[in-house]
file structure.txt (compact mmCIF, C-alpha atoms)
# COMPACT_ATOMS: atom_id res chain seq x y z
CA MET A 1 79.96 -5.88 76.71
CA HIS A 2 76.66 -7.50 75.74
CA ILE A 3 73.62 -5.53 76.93
CA LEU A 4 70.25 -7.32 76.93
CA PHE A 5 67.43 -4.77 77.01
CA ILE A 6 63.79 -5.72 77.64
CA VAL A 7 61.27 -3.14 76.38
CA ASP A 8 57.77 -3.70 75.02
CA ASN A 9 57.89 -0.78 72.56
CA PHE A 10 60.48 -0.20 69.86
CA PRO A 11 60.57 1.57 66.46
CA PRO A 12 58.75 1.86 64.17
CA GLU A 13 56.58 2.66 67.21
CA GLY A 14 57.17 6.30 68.06
CA ASN A 15 56.32 6.63 71.74
CA ALA A 16 58.84 7.78 74.36
CA PRO A 17 60.17 4.37 75.57
CA ALA A 18 60.62 3.15 71.99
CA THR A 19 62.49 6.28 70.94
CA ARG A 20 64.68 6.50 74.04
CA THR A 21 65.69 2.84 73.92
CA PHE A 22 66.50 2.89 70.21
CA GLU A 23 68.51 6.10 70.33
CA HIS A 24 70.50 4.93 73.34
CA ALA A 25 71.14 1.43 71.95
CA ARG A 26 72.26 2.84 68.61
CA GLU A 27 74.95 4.90 70.34
CA TRP A 28 76.07 1.96 72.48
CA VAL A 29 76.60 -0.10 69.32
CA VAL A 30 78.69 2.74 67.87
CA LYS A 31 80.84 2.54 71.01
CA GLY A 32 81.55 -1.11 70.22
CA HIS A 33 79.07 -2.90 72.46
CA LYS A 34 76.64 -5.63 71.49
CA VAL A 35 73.00 -4.81 72.20
CA THR A 36 70.08 -7.23 72.02
CA ILE A 37 66.58 -5.78 72.32
CA ILE A 38 63.67 -8.09 73.15
CA THR A 39 60.40 -6.42 72.23
CA SER A 40 57.03 -7.16 70.62
CA ALA A 41 55.60 -6.69 67.15
CA PRO A 42 54.97 -2.95 66.71
CA ASN A 43 51.33 -2.18 67.49
CA PHE A 44 51.14 0.84 69.84
CA PRO A 45 48.75 2.56 70.47
CA LYS A 46 45.93 1.06 68.36
CA GLY A 47 46.71 -2.59 69.10
CA LYS A 48 47.10 -3.35 65.39
CA VAL A 49 50.34 -4.81 64.08
CA PHE A 50 52.11 -2.36 61.78
CA GLU A 51 52.24 -3.09 58.06
CA GLY A 52 55.19 -5.29 57.16
CA PHE A 53 55.29 -7.06 60.54
CA LYS A 54 53.63 -10.16 61.99
CA ASN A 55 52.96 -11.26 65.55
CA LYS A 56 55.25 -14.30 65.30
CA TRP A 57 56.73 -16.41 68.10
CA LEU A 58 60.16 -15.03 67.26
CA PHE A 59 61.31 -12.67 64.55
CA LYS A 60 64.92 -11.47 64.45
CA GLU A 61 66.20 -8.42 62.64
CA ILE A 62 69.13 -6.03 62.83
CA VAL A 63 68.28 -2.34 63.13
CA GLU A 64 71.29 -0.01 62.80
CA GLY A 65 73.54 -2.65 64.34
CA ILE A 66 71.10 -3.53 67.14
CA ASN A 67 69.94 -7.16 67.43
CA VAL A 68 66.17 -6.95 67.72
CA TRP A 69 64.14 -9.98 68.78
CA ARG A 70 60.39 -9.53 68.40
CA VAL A 71 58.37 -12.07 70.39
CA LYS A 72 54.73 -13.12 70.21
CA THR A 73 52.30 -11.46 72.62
CA TYR A 74 48.60 -10.97 73.16
CA ILE A 75 48.02 -7.60 71.50
CA ALA A 76 45.55 -5.05 72.81
CA ALA A 77 44.91 -1.38 72.13
CA ASN A 78 46.15 1.18 74.64
CA SER A 79 42.80 1.23 76.43
CA GLY A 80 40.97 -1.09 78.76
CA PHE A 81 42.70 -2.27 81.93
CA PHE A 82 42.05 -6.02 81.66
CA LYS A 83 43.18 -6.53 78.06
CA ARG A 84 46.22 -4.29 78.53
CA THR A 85 47.19 -6.31 81.60
CA VAL A 86 46.96 -9.55 79.63
CA ASP A 87 49.11 -7.88 76.95
CA PHE A 88 51.74 -6.94 79.55
CA LEU A 89 51.72 -10.39 81.14
CA SER A 90 52.08 -12.15 77.80
CA PHE A 91 55.11 -10.01 76.94
CA MET A 92 56.62 -10.73 80.35
CA ILE A 93 56.36 -14.48 79.70
CA SER A 94 57.50 -14.38 76.07
CA SER A 95 60.41 -12.02 76.68
CA TYR A 96 61.62 -14.15 79.58
CA PHE A 97 61.38 -17.41 77.67
CA PHE A 98 63.19 -16.21 74.56
CA GLY A 99 65.61 -14.18 76.66
CA LEU A 100 66.90 -17.46 78.06
CA PHE A 101 68.39 -18.19 74.61
CA THR A 102 70.55 -15.06 74.49
CA LYS A 103 74.23 -15.85 75.01
CA LYS A 104 77.13 -14.27 76.90
CA VAL A 105 75.06 -11.46 78.37
CA ASP A 106 76.82 -9.06 80.78
CA VAL A 107 73.85 -7.00 81.95
CA VAL A 108 70.06 -7.05 81.67
CA VAL A 109 68.08 -3.80 81.59
CA GLY A 110 64.32 -3.60 82.02
CA THR A 111 62.36 -0.40 81.48
CA SER A 112 59.03 0.74 82.91
CA PRO A 113 56.40 2.34 83.01
CA GLN A 114 54.63 -0.98 83.65
CA PHE A 115 56.58 -3.39 85.83
CA PHE A 116 55.85 -6.71 84.12
CA THR A 117 58.63 -5.96 81.64
CA VAL A 118 60.98 -5.29 84.53
CA ILE A 119 60.03 -8.59 86.20
CA SER A 120 61.18 -10.40 83.06
CA ALA A 121 64.47 -8.50 83.08
CA CYS A 122 65.02 -9.19 86.78
CA ALA A 123 64.34 -12.92 86.36
CA LEU A 124 66.66 -13.19 83.35
CA ALA A 125 69.44 -11.41 85.23
CA LYS A 126 69.09 -13.84 88.14
CA VAL A 127 69.16 -16.91 85.88
CA LYS A 128 72.14 -15.61 83.91
CA ARG A 129 73.84 -14.40 87.12
CA VAL A 130 74.52 -10.92 85.77
CA ILE A 131 73.60 -7.46 86.99
CA PHE A 132 70.05 -6.16 86.69
CA ILE A 133 69.38 -2.51 85.92
CA PHE A 134 65.95 -0.98 86.39
CA GLU A 135 65.23 2.00 84.13
CA LEU A 136 62.41 3.85 85.89
CA ARG A 137 60.47 5.98 83.41
CA ASP A 138 57.28 6.43 85.44
CA LEU A 139 56.23 6.12 89.08
CA TRP A 140 54.08 3.09 88.38
CA PRO A 141 51.70 2.04 89.94
CA ALA A 142 51.22 5.54 91.41
CA SER A 143 50.40 6.94 87.96
CA ILE A 144 47.60 4.47 87.23
CA LEU A 145 46.23 4.88 90.76
CA GLU A 146 46.04 8.63 90.21
CA LEU A 147 44.00 8.09 87.04
CA GLY A 148 41.58 5.82 88.90
CA VAL A 149 42.31 2.79 86.73
CA ILE A 150 42.69 0.52 89.79
CA LYS A 151 40.50 0.77 92.88
CA ASN A 152 40.93 -2.69 94.37
CA ASN A 153 42.94 -2.30 97.60
CA LEU A 154 44.41 -5.80 97.42
CA MET A 155 45.66 -5.18 93.88
CA ILE A 156 47.11 -1.82 94.90
CA ARG A 157 49.03 -3.35 97.82
CA PHE A 158 50.30 -6.17 95.61
CA LEU A 159 51.62 -3.75 92.98
CA GLU A 160 53.27 -1.56 95.60
CA ARG A 161 55.03 -4.57 97.12
CA LEU A 162 56.11 -5.63 93.65
CA GLU A 163 57.46 -2.13 93.07
CA PHE A 164 59.69 -2.25 96.16
CA PHE A 165 60.77 -5.81 95.46
CA LEU A 166 62.12 -4.73 92.06
CA TYR A 167 63.84 -1.69 93.56
CA ARG A 168 65.57 -3.91 96.11
CA GLN A 169 66.57 -6.56 93.57
CA SER A 170 68.14 -4.10 91.14
CA ASP A 171 71.86 -3.40 91.12
CA LEU A 172 71.21 0.07 89.74
CA ILE A 173 68.12 2.22 89.17
CA ILE A 174 68.29 4.76 86.35
CA VAL A 175 65.58 7.41 86.62
CA VAL A 176 64.58 9.98 84.02
CA THR A 177 64.00 12.95 86.35
CA HIS A 178 65.62 14.43 89.45
CA SER A 179 62.17 14.33 91.05
CA PHE A 180 62.04 10.54 90.73
CA GLN A 181 65.36 10.31 92.55
CA SER A 182 63.96 12.37 95.43
CA VAL A 183 60.82 10.23 95.61
CA LEU A 184 62.85 7.00 95.74
CA GLN A 185 65.18 8.37 98.41
CA ASP A 186 62.19 9.46 100.49
CA ARG A 187 60.98 5.86 100.25
CA GLY A 188 64.26 4.54 101.59
CA ILE A 189 66.14 3.64 98.42
CA PRO A 190 69.86 4.45 98.93
CA GLU A 191 71.14 7.44 96.96
CA GLU A 192 74.17 5.50 95.72
CA LYS A 193 71.85 3.03 93.97
CA ILE A 194 70.21 5.73 91.82
CA ARG A 195 71.49 7.55 88.75
CA ILE A 196 69.72 10.16 86.62
CA VAL A 197 69.65 10.13 82.82
CA LEU A 198 67.16 12.65 81.50
CA ASN A 199 65.26 12.23 78.28
CA GLY A 200 66.59 14.08 75.28
CA VAL A 201 66.44 14.58 71.54
CA ASP A 202 68.27 13.29 68.48
CA LEU A 203 69.64 16.57 67.14
CA ILE A 204 70.50 15.02 63.80
CA LYS A 205 66.86 14.22 63.19
CA TYR A 206 65.20 17.13 64.98
CA SER A 207 66.36 20.50 63.73
CA PRO A 208 64.54 23.46 62.18
CA LEU A 209 63.52 23.04 58.55
CA GLU A 210 64.04 25.86 56.07
CA LYS A 211 60.30 26.23 55.71
CA LYS A 212 57.09 24.61 56.88
CA ASP A 213 56.22 21.29 55.26
CA SER A 214 53.97 22.15 52.32
CA ALA A 215 52.27 18.75 52.17
CA PHE A 216 50.90 19.01 55.71
CA LEU A 217 49.97 22.68 55.23
CA GLU A 218 47.98 21.96 52.08
CA LYS A 219 46.33 18.77 53.28
CA TYR A 220 45.02 20.32 56.47
CA LEU A 221 44.36 23.85 55.14
CA LEU A 222 46.89 25.49 57.44
CA LYS A 223 48.55 27.93 55.06
CA GLU A 224 48.85 31.43 56.52
CA LYS A 225 47.55 30.16 59.88
CA PHE A 226 49.13 30.49 63.31
CA VAL A 227 49.43 26.84 64.37
CA VAL A 228 49.52 25.61 67.96
CA GLY A 229 50.44 21.94 68.03
CA TYR A 230 49.60 19.28 70.56
CA VAL A 231 51.59 16.32 69.21
CA GLY A 232 51.65 13.13 71.23
CA THR A 233 49.57 10.62 73.14
CA HIS A 234 45.87 11.35 73.64
CA GLY A 235 45.30 9.75 77.04
CA LEU A 236 43.45 10.30 80.30
CA ALA A 237 46.56 11.83 81.87
CA HIS A 238 46.66 14.68 79.36
CA ALA A 239 43.35 16.44 80.19
CA LEU A 240 42.88 17.39 76.54
CA ASP A 241 39.31 18.57 77.08
CA ASN A 242 40.90 21.74 78.46
CA ILE A 243 42.52 22.39 75.07
CA ILE A 244 39.13 21.93 73.42
CA ASP A 245 37.67 24.46 75.87
CA THR A 246 40.51 26.80 74.94
CA ALA A 247 39.72 26.40 71.25
CA GLU A 248 36.13 27.37 71.98
CA LEU A 249 37.36 30.60 73.56
CA LEU A 250 39.42 31.27 70.42
CA ARG A 251 36.85 30.21 67.86
CA ASN A 252 36.46 33.74 66.50
CA LYS A 253 40.21 34.08 65.85
CA ASP A 254 40.17 32.74 62.30
CA ASN A 255 43.94 32.94 61.89
CA ILE A 256 44.61 30.54 64.81
CA ARG A 257 44.46 26.76 64.50
CA ILE A 258 45.08 24.13 67.16
CA ILE A 259 46.17 20.74 65.90
CA PHE A 260 45.79 17.43 67.70
CA ALA A 261 48.22 14.92 66.20
CA GLY A 262 48.68 11.42 67.56
CA GLY A 263 46.67 8.57 68.98
CA GLY A 264 45.68 7.03 72.27
CA ALA A 265 42.89 5.78 74.47
CA ASP A 266 41.03 9.10 74.52
CA ARG A 267 41.40 10.01 70.85
CA SER A 268 37.99 8.84 69.59
CA ARG A 269 36.09 10.62 72.36
CA LEU A 270 37.99 13.85 71.71
CA GLU A 271 37.27 13.68 67.97
CA LYS A 272 33.58 13.26 68.73
CA SER A 273 33.64 16.20 71.14
CA VAL A 274 35.24 18.47 68.54
CA VAL A 275 32.56 17.58 65.97
CA GLU A 276 29.69 17.99 68.44
CA ARG A 277 30.94 21.43 69.47
CA GLY A 278 31.49 22.50 65.88
CA LEU A 279 35.05 23.68 66.46
CA LEU A 280 36.50 24.36 63.04
CA ASN A 281 39.64 25.84 64.58
CA ILE A 282 40.74 22.39 65.79
CA VAL A 283 42.41 20.16 63.20
CA MET A 284 42.63 16.46 63.99
CA ILE A 285 45.68 14.84 62.36
CA PRO A 286 46.08 11.05 62.59
CA GLN A 287 49.11 9.49 64.21
CA GLN A 288 52.16 9.83 61.97
CA SER A 289 55.21 7.64 61.64
CA LYS A 290 58.27 8.61 63.63
CA ASP A 291 60.03 9.58 60.40
CA GLN A 292 57.35 12.19 59.71
CA MET A 293 57.56 13.92 63.08
CA PRO A 294 60.04 16.67 62.08
CA GLN A 295 57.86 17.57 59.09
CA LEU A 296 54.76 17.58 61.27
CA LEU A 297 56.37 19.75 63.95
CA SER A 298 57.64 22.13 61.27
CA ILE A 299 54.11 23.38 60.59
CA CYS A 300 53.72 24.48 64.23
CA ASP A 301 54.43 28.01 65.41
CA VAL A 302 54.10 26.90 69.03
CA SER A 303 54.36 23.48 70.71
CA LEU A 304 51.82 22.71 73.40
CA VAL A 305 52.68 20.42 76.33
CA HIS A 306 49.67 19.55 78.45
CA LEU A 307 49.00 17.34 81.49
CA LYS A 308 46.27 16.85 84.06
CA ASN A 309 46.30 18.97 87.21
CA SER A 310 47.56 16.21 89.50
CA PRO A 311 50.37 16.35 92.10
CA LEU A 312 51.82 13.19 90.54
CA PHE A 313 52.72 15.09 87.38
CA LYS A 314 54.99 17.47 89.25
CA THR A 315 57.62 14.75 88.95
CA VAL A 316 57.47 14.06 85.20
CA ILE A 317 59.17 15.67 82.20
CA PRO A 318 57.22 15.04 78.97
CA SER A 319 59.65 13.96 76.26
CA LYS A 320 57.93 16.15 73.64
CA ILE A 321 59.61 19.13 75.32
CA PHE A 322 62.98 18.07 73.97
CA GLU A 323 61.81 17.36 70.44
CA SER A 324 60.16 20.79 70.39
CA MET A 325 63.46 22.33 71.51
CA GLY A 326 65.32 20.52 68.75
CA MET A 327 62.90 21.99 66.19
CA GLY A 328 63.40 25.48 67.62
CA LEU A 329 59.80 25.91 68.75
CA PRO A 330 58.57 28.13 71.56
CA ILE A 331 56.68 26.02 74.09
CA ILE A 332 53.52 26.55 76.09
CA ILE A 333 53.53 24.14 78.99
CA SER A 334 50.39 23.62 81.04
CA MET A 335 50.95 21.16 83.90
CA PRO A 336 51.60 21.22 87.65
CA GLU A 337 54.66 23.20 88.77
CA GLY A 338 57.68 20.92 88.92
CA GLU A 339 60.83 19.91 87.12
CA ALA A 340 59.38 20.31 83.62
CA THR A 341 58.03 23.82 84.19
CA GLU A 342 61.35 24.80 85.77
CA ILE A 343 63.20 23.69 82.62
CA ILE A 344 61.00 25.92 80.45
CA ARG A 345 61.46 28.89 82.77
CA SER A 346 65.19 28.50 83.28
CA LYS A 347 65.83 28.11 79.55
CA ASN A 348 63.50 31.02 78.66
CA CYS A 349 62.01 28.96 75.85
CA GLY A 350 58.31 29.22 76.56
CA LEU A 351 55.37 30.18 78.75
CA VAL A 352 54.14 28.31 81.81
CA VAL A 353 50.36 28.16 82.27
CA LEU A 354 48.40 26.91 85.25
CA PRO A 355 47.04 23.44 84.43
CA GLU A 356 43.46 22.99 83.28
CA ARG A 357 42.80 26.73 83.03
CA SER A 358 41.40 27.33 79.56
CA HIS A 359 41.30 31.13 79.94
CA LYS A 360 44.97 31.23 80.92
CA LEU A 361 45.90 28.94 78.05
CA SER A 362 44.03 31.05 75.53
CA GLU A 363 45.80 34.17 76.85
CA ALA A 364 49.19 32.50 76.39
CA ILE A 365 48.34 31.49 72.81
CA LEU A 366 47.20 35.03 71.98
CA LYS A 367 50.34 36.49 73.55
CA LEU A 368 52.68 34.42 71.40
CA GLU A 369 50.55 34.99 68.31
CA LYS A 370 50.74 38.77 68.72
CA GLU A 371 54.29 39.23 70.05
CA ILE A 372 56.48 38.08 67.19
CA GLY A 373 59.68 39.25 68.86
CA LEU A 374 58.95 37.26 72.01
CA ARG A 375 58.16 34.21 69.92
CA GLU A 376 61.42 34.51 68.01
CA ASP A 377 63.43 34.93 71.22
CA MET A 378 61.87 31.83 72.73
CA ALA A 379 62.47 29.85 69.53
CA ALA A 380 66.16 30.78 69.63
CA ALA A 381 66.32 29.85 73.32
CA SER A 382 64.77 26.46 72.53
CA LEU A 383 67.53 25.70 70.03
CA ILE A 384 70.20 26.60 72.57
CA ALA A 385 68.51 24.51 75.29
CA ALA A 386 68.36 21.49 72.97
CA GLN A 387 72.15 21.21 73.13
CA THR A 388 71.87 20.39 76.83
CA PHE A 389 69.61 17.44 76.05
CA ASP A 390 71.53 15.95 73.12
CA ARG A 391 70.62 12.25 73.06
CA LYS A 392 74.17 11.23 72.10
CA LYS A 393 75.57 12.76 75.27
CA LEU A 394 72.85 11.22 77.41
CA ALA A 395 73.29 7.77 75.83
CA PHE A 396 77.01 7.91 76.68
CA GLU A 397 76.18 9.01 80.23
CA MET A 398 73.89 6.01 80.72
CA LEU A 399 76.49 3.70 79.18
CA CYS A 400 79.08 4.91 81.68
CA TYR A 401 76.74 4.07 84.57
CA ILE A 402 76.14 0.60 83.13
CA GLU A 403 79.87 -0.02 82.65
CA GLU A 404 80.65 1.14 86.18
CA THR A 405 78.03 -1.20 87.63
CA VAL A 406 79.28 -4.18 85.61
CA LYS A 407 82.90 -3.54 86.63
CA ARG A 408 81.93 -3.14 90.29
CA ASN A 409 80.00 -6.40 90.16
CA GLN A 410 82.92 -8.25 88.51
CA SER A 411 85.47 -6.94 91.02
CA SER A 412 83.32 -8.01 93.97
CA ARG A 413 83.19 -11.63 92.85

call {"tool": "encode", "arguments": {"input": "structure.txt", "output": "structure tokens"}}
result
Amino acid sequence: MHILFIVDNFPPEGNAPATRTFEHAREWVVKGHKVTIITSAPNFPKGKVFEGFKNKWLFKEIVEGINVWRVKTYIAANSGFFKRTVDFLSFMISSYFFGLFTKKVDVVVGTSPQFFTVISACALAKVKRVIFIFELRDLWPASILELGVIKNNLMIRFLERLEFFLYRQSDLIIVVTHSFQSVLQDRGIPEEKIRIVLNGVDLIKYSPLEKKDSAFLEKYLLKEKFVVGYVGTHGLAHALDNIIDTAELLRNKDNIRIIFAGGGADRSRLEKSVVERGLLNIVMIPQQSKDQMPQLLSICDVSLVHLKNSPLFKTVIPSKIFESMGMGLPIIISMPEGEATEIIRSKNCGLVVLPERSHKLSEAILKLEKEIGLREDMAAASLIAAQTFDRKKLAFEMLCYIEETVKRNQSSR
């Protein structure tokens, strides 16, 4: 089977869609399938092409057996609605055009969060007369509406109609949470059209190291410190000012450090806020390559998962949860009650804190810093929980759904 996958992020980019797509595709190739990925030159989140790459009309490479086609796009940083939209539209056009030259394709998969990528996948599937699978990673446009990025009613209605058009056109919708399935069913999408494949972790790559990475400890003066790590995107959805407020409450606890590691639209403002408030207990670490993530996470005593207090985020499961589990880290999760908080509770691998409550968050940090036994129990529980979310198993699960859909389509002809 030849799977054509349209995704605008792919390694060496290290965000969730890039990681998920690569780790799934790698396993599908191992199972004997051909996979072609159409993506862009790596540039997320700063909008600068990574060293060693160029924004060419078409660049082909093979990555662990995966055929990767990188197409030319208008590149913009992960901030600013207009430029990002032009970026998305340019990838939609380029991926569709070059996708026409792929041969003997059996299925086309398009992944969100933004839907312009999925439009390209849908159009290619129609032209090639093969099945179209929609991988729904975010309830877009609901997520950008919640953040106040779009306020034009005509634009909102257009995007919502586009959303339902793509749902209807798809032969299968693969969602990443049970909550998404419930939302789609409530909107009238048939249950039999939806399958769930959760996010997960590559347990070969993410596993506890024998000791904390000395290079990171020395560079950022973290030796003998209790380190709480927020590692991931710094965006409007993450309400990271609350973590800064928490650090202010803990500023007299000299043995505690909170690290911010990553990049995103809100990173510069947060850095400025930390400097203005004179918070020496916050350490700002630049975005690291995906290969460095296990070493970076190894310096953490606790992983911090944080999202804005919005009803929309009841339905999401941040992917950093699973990488933290793989590393055997206790987790503090501060976000609206939902599927993600239930995972942490049911697996006994961390503490759940009310979102955007700095006092509650500081109490949770102090609790895990003081209670070594509790911390060790939660770390052990994280390692056990990680087995449930093994990316290899999940990749095979998604492959089975794809194969079933292709066979059903072929038998109905």

call {"tool": "residues_near_point", "arguments": {"input": "structure.txt", "point": "(62.5, -5.1, 89.5)", "cutoff": "6 Å", "atoms": "all atoms listed in the file", "output": "PyMOL selection string"}}
result
chain A and resi 118-119+122+166-167+169-170

call {"tool": "atom_distance", "arguments": {"input": "structure.txt", "atom1": "CA of Ser182 (chain A)", "atom2": "CA of Ala395 (chain A)"}}
result
22.2 Å

call {"tool": "residues_around", "arguments": {"input": "structure.txt", "residues": "region 2-18 of chain A", "least_positions_apart": "2", "cutoff": "6 Å", "atoms": "only C-alpha atoms", "output": "ChimeraX atom specification"}}
result
/A:20-21,34-40,42,105-111,290

call {"tool": "closest_residue", "arguments": {"input": "structure.txt", "among": "A:Met378, A:Leu154, A:Leu354, A:Leu236", "to": "Ala265 (chain A)", "atoms": "only C-alpha atoms"}}
result
A:Leu236

call {"tool": "residues_around", "arguments": {"input": "structure.txt", "residues": "Cys349 (chain A)", "least_positions_apart": "4", "cutoff": "6 Å", "atoms": "only C-alpha atoms", "output": "mmCIF file with C-alpha atoms, in the coordinates of the input"}}
result
data_model
loop_
_atom_site.group_PDB
_atom_site.id
_atom_site.type_symbol
_atom_site.label_atom_id
_atom_site.label_comp_id
_atom_site.auth_asym_id
_atom_site.auth_seq_id
_atom_site.Cartn_x
_atom_site.Cartn_y
_atom_site.Cartn_z
ATOM 1 C CA PRO A 330 58.570 28.130 71.560
ATOM 2 C CA ILE A 344 61.000 25.920 80.450
ATOM 3 C CA MET A 378 61.870 31.830 72.730
ATOM 4 C CA ALA A 381 66.320 29.850 73.320
ATOM 5 C CA SER A 382 64.770 26.460 72.530
#

call {"tool": "residues_around", "arguments": {"input": "structure.txt", "residues": "region 196-204 of chain A", "least_positions_apart": "3", "cutoff": "7 Å", "atoms": "only C-alpha atoms", "output": "list of chain:residue names"}}
result
A:Ile174, A:Val175, A:Val176, A:Thr177, A:His178, A:Ser207, A:Ser319, A:Phe322, A:Glu323, A:Gly326, A:Phe389, A:Asp390, A:Arg391, A:Leu394, A:Met398

call {"tool": "build_atoms", "arguments": {"input": "structure.txt", "residues": "region 389-401 of chain A", "atoms": "N, CA and C atoms", "output": "mmCIF file, in the coordinates of the input"}}
result
data_model
loop_
_atom_site.group_PDB
_atom_site.id
_atom_site.type_symbol
_atom_site.label_atom_id
_atom_site.label_comp_id
_atom_site.auth_asym_id
_atom_site.auth_seq_id
_atom_site.Cartn_x
_atom_site.Cartn_y
_atom_site.Cartn_z
ATOM 1 N N PHE A 389 70.325 18.721 76.008
ATOM 2 C CA PHE A 389 69.610 17.440 76.050
ATOM 3 C C PHE A 389 69.901 16.599 74.796
ATOM 4 N N ASP A 390 71.098 16.719 74.273
ATOM 5 C CA ASP A 390 71.530 15.950 73.120
ATOM 6 C C ASP A 390 71.531 14.457 73.475
ATOM 7 N N ARG A 391 70.777 13.669 72.729
ATOM 8 C CA ARG A 391 70.620 12.250 73.060
ATOM 9 C C ARG A 391 71.963 11.510 73.030
ATOM 10 N N LYS A 392 72.867 11.896 72.156
ATOM 11 C CA LYS A 392 74.170 11.230 72.100
ATOM 12 C C LYS A 392 74.890 11.348 73.435
ATOM 13 N N LYS A 393 74.904 12.545 73.992
ATOM 14 C CA LYS A 393 75.570 12.760 75.270
ATOM 15 C C LYS A 393 74.900 11.947 76.380
ATOM 16 N N LEU A 394 73.589 11.921 76.372
ATOM 17 C CA LEU A 394 72.850 11.220 77.410
ATOM 18 C C LEU A 394 73.006 9.701 77.288
ATOM 19 N N ALA A 395 73.071 9.204 76.052
ATOM 20 C CA ALA A 395 73.290 7.770 75.830
ATOM 21 C C ALA A 395 74.654 7.368 76.390
ATOM 22 N N PHE A 396 75.679 8.202 76.160
ATOM 23 C CA PHE A 396 77.010 7.910 76.680
ATOM 24 C C PHE A 396 77.034 7.964 78.204
ATOM 25 N N GLU A 397 76.282 8.898 78.773
ATOM 26 C CA GLU A 397 76.180 9.010 80.230
ATOM 27 C C GLU A 397 75.586 7.736 80.825
ATOM 28 N N MET A 398 74.516 7.238 80.218
ATOM 29 C CA MET A 398 73.890 6.010 80.720
ATOM 30 C C MET A 398 74.833 4.824 80.535
ATOM 31 N N LEU A 399 75.537 4.781 79.417
ATOM 32 C CA LEU A 399 76.490 3.700 79.180
ATOM 33 C C LEU A 399 77.578 3.678 80.242
ATOM 34 N N CYS A 400 78.056 4.838 80.637
ATOM 35 C CA CYS A 400 79.080 4.910 81.680
ATOM 36 C C CYS A 400 78.571 4.330 82.997
ATOM 37 N N TYR A 401 77.317 4.620 83.335
ATOM 38 C CA TYR A 401 76.740 4.070 84.570
ATOM 39 C C TYR A 401 76.627 2.548 84.489
#
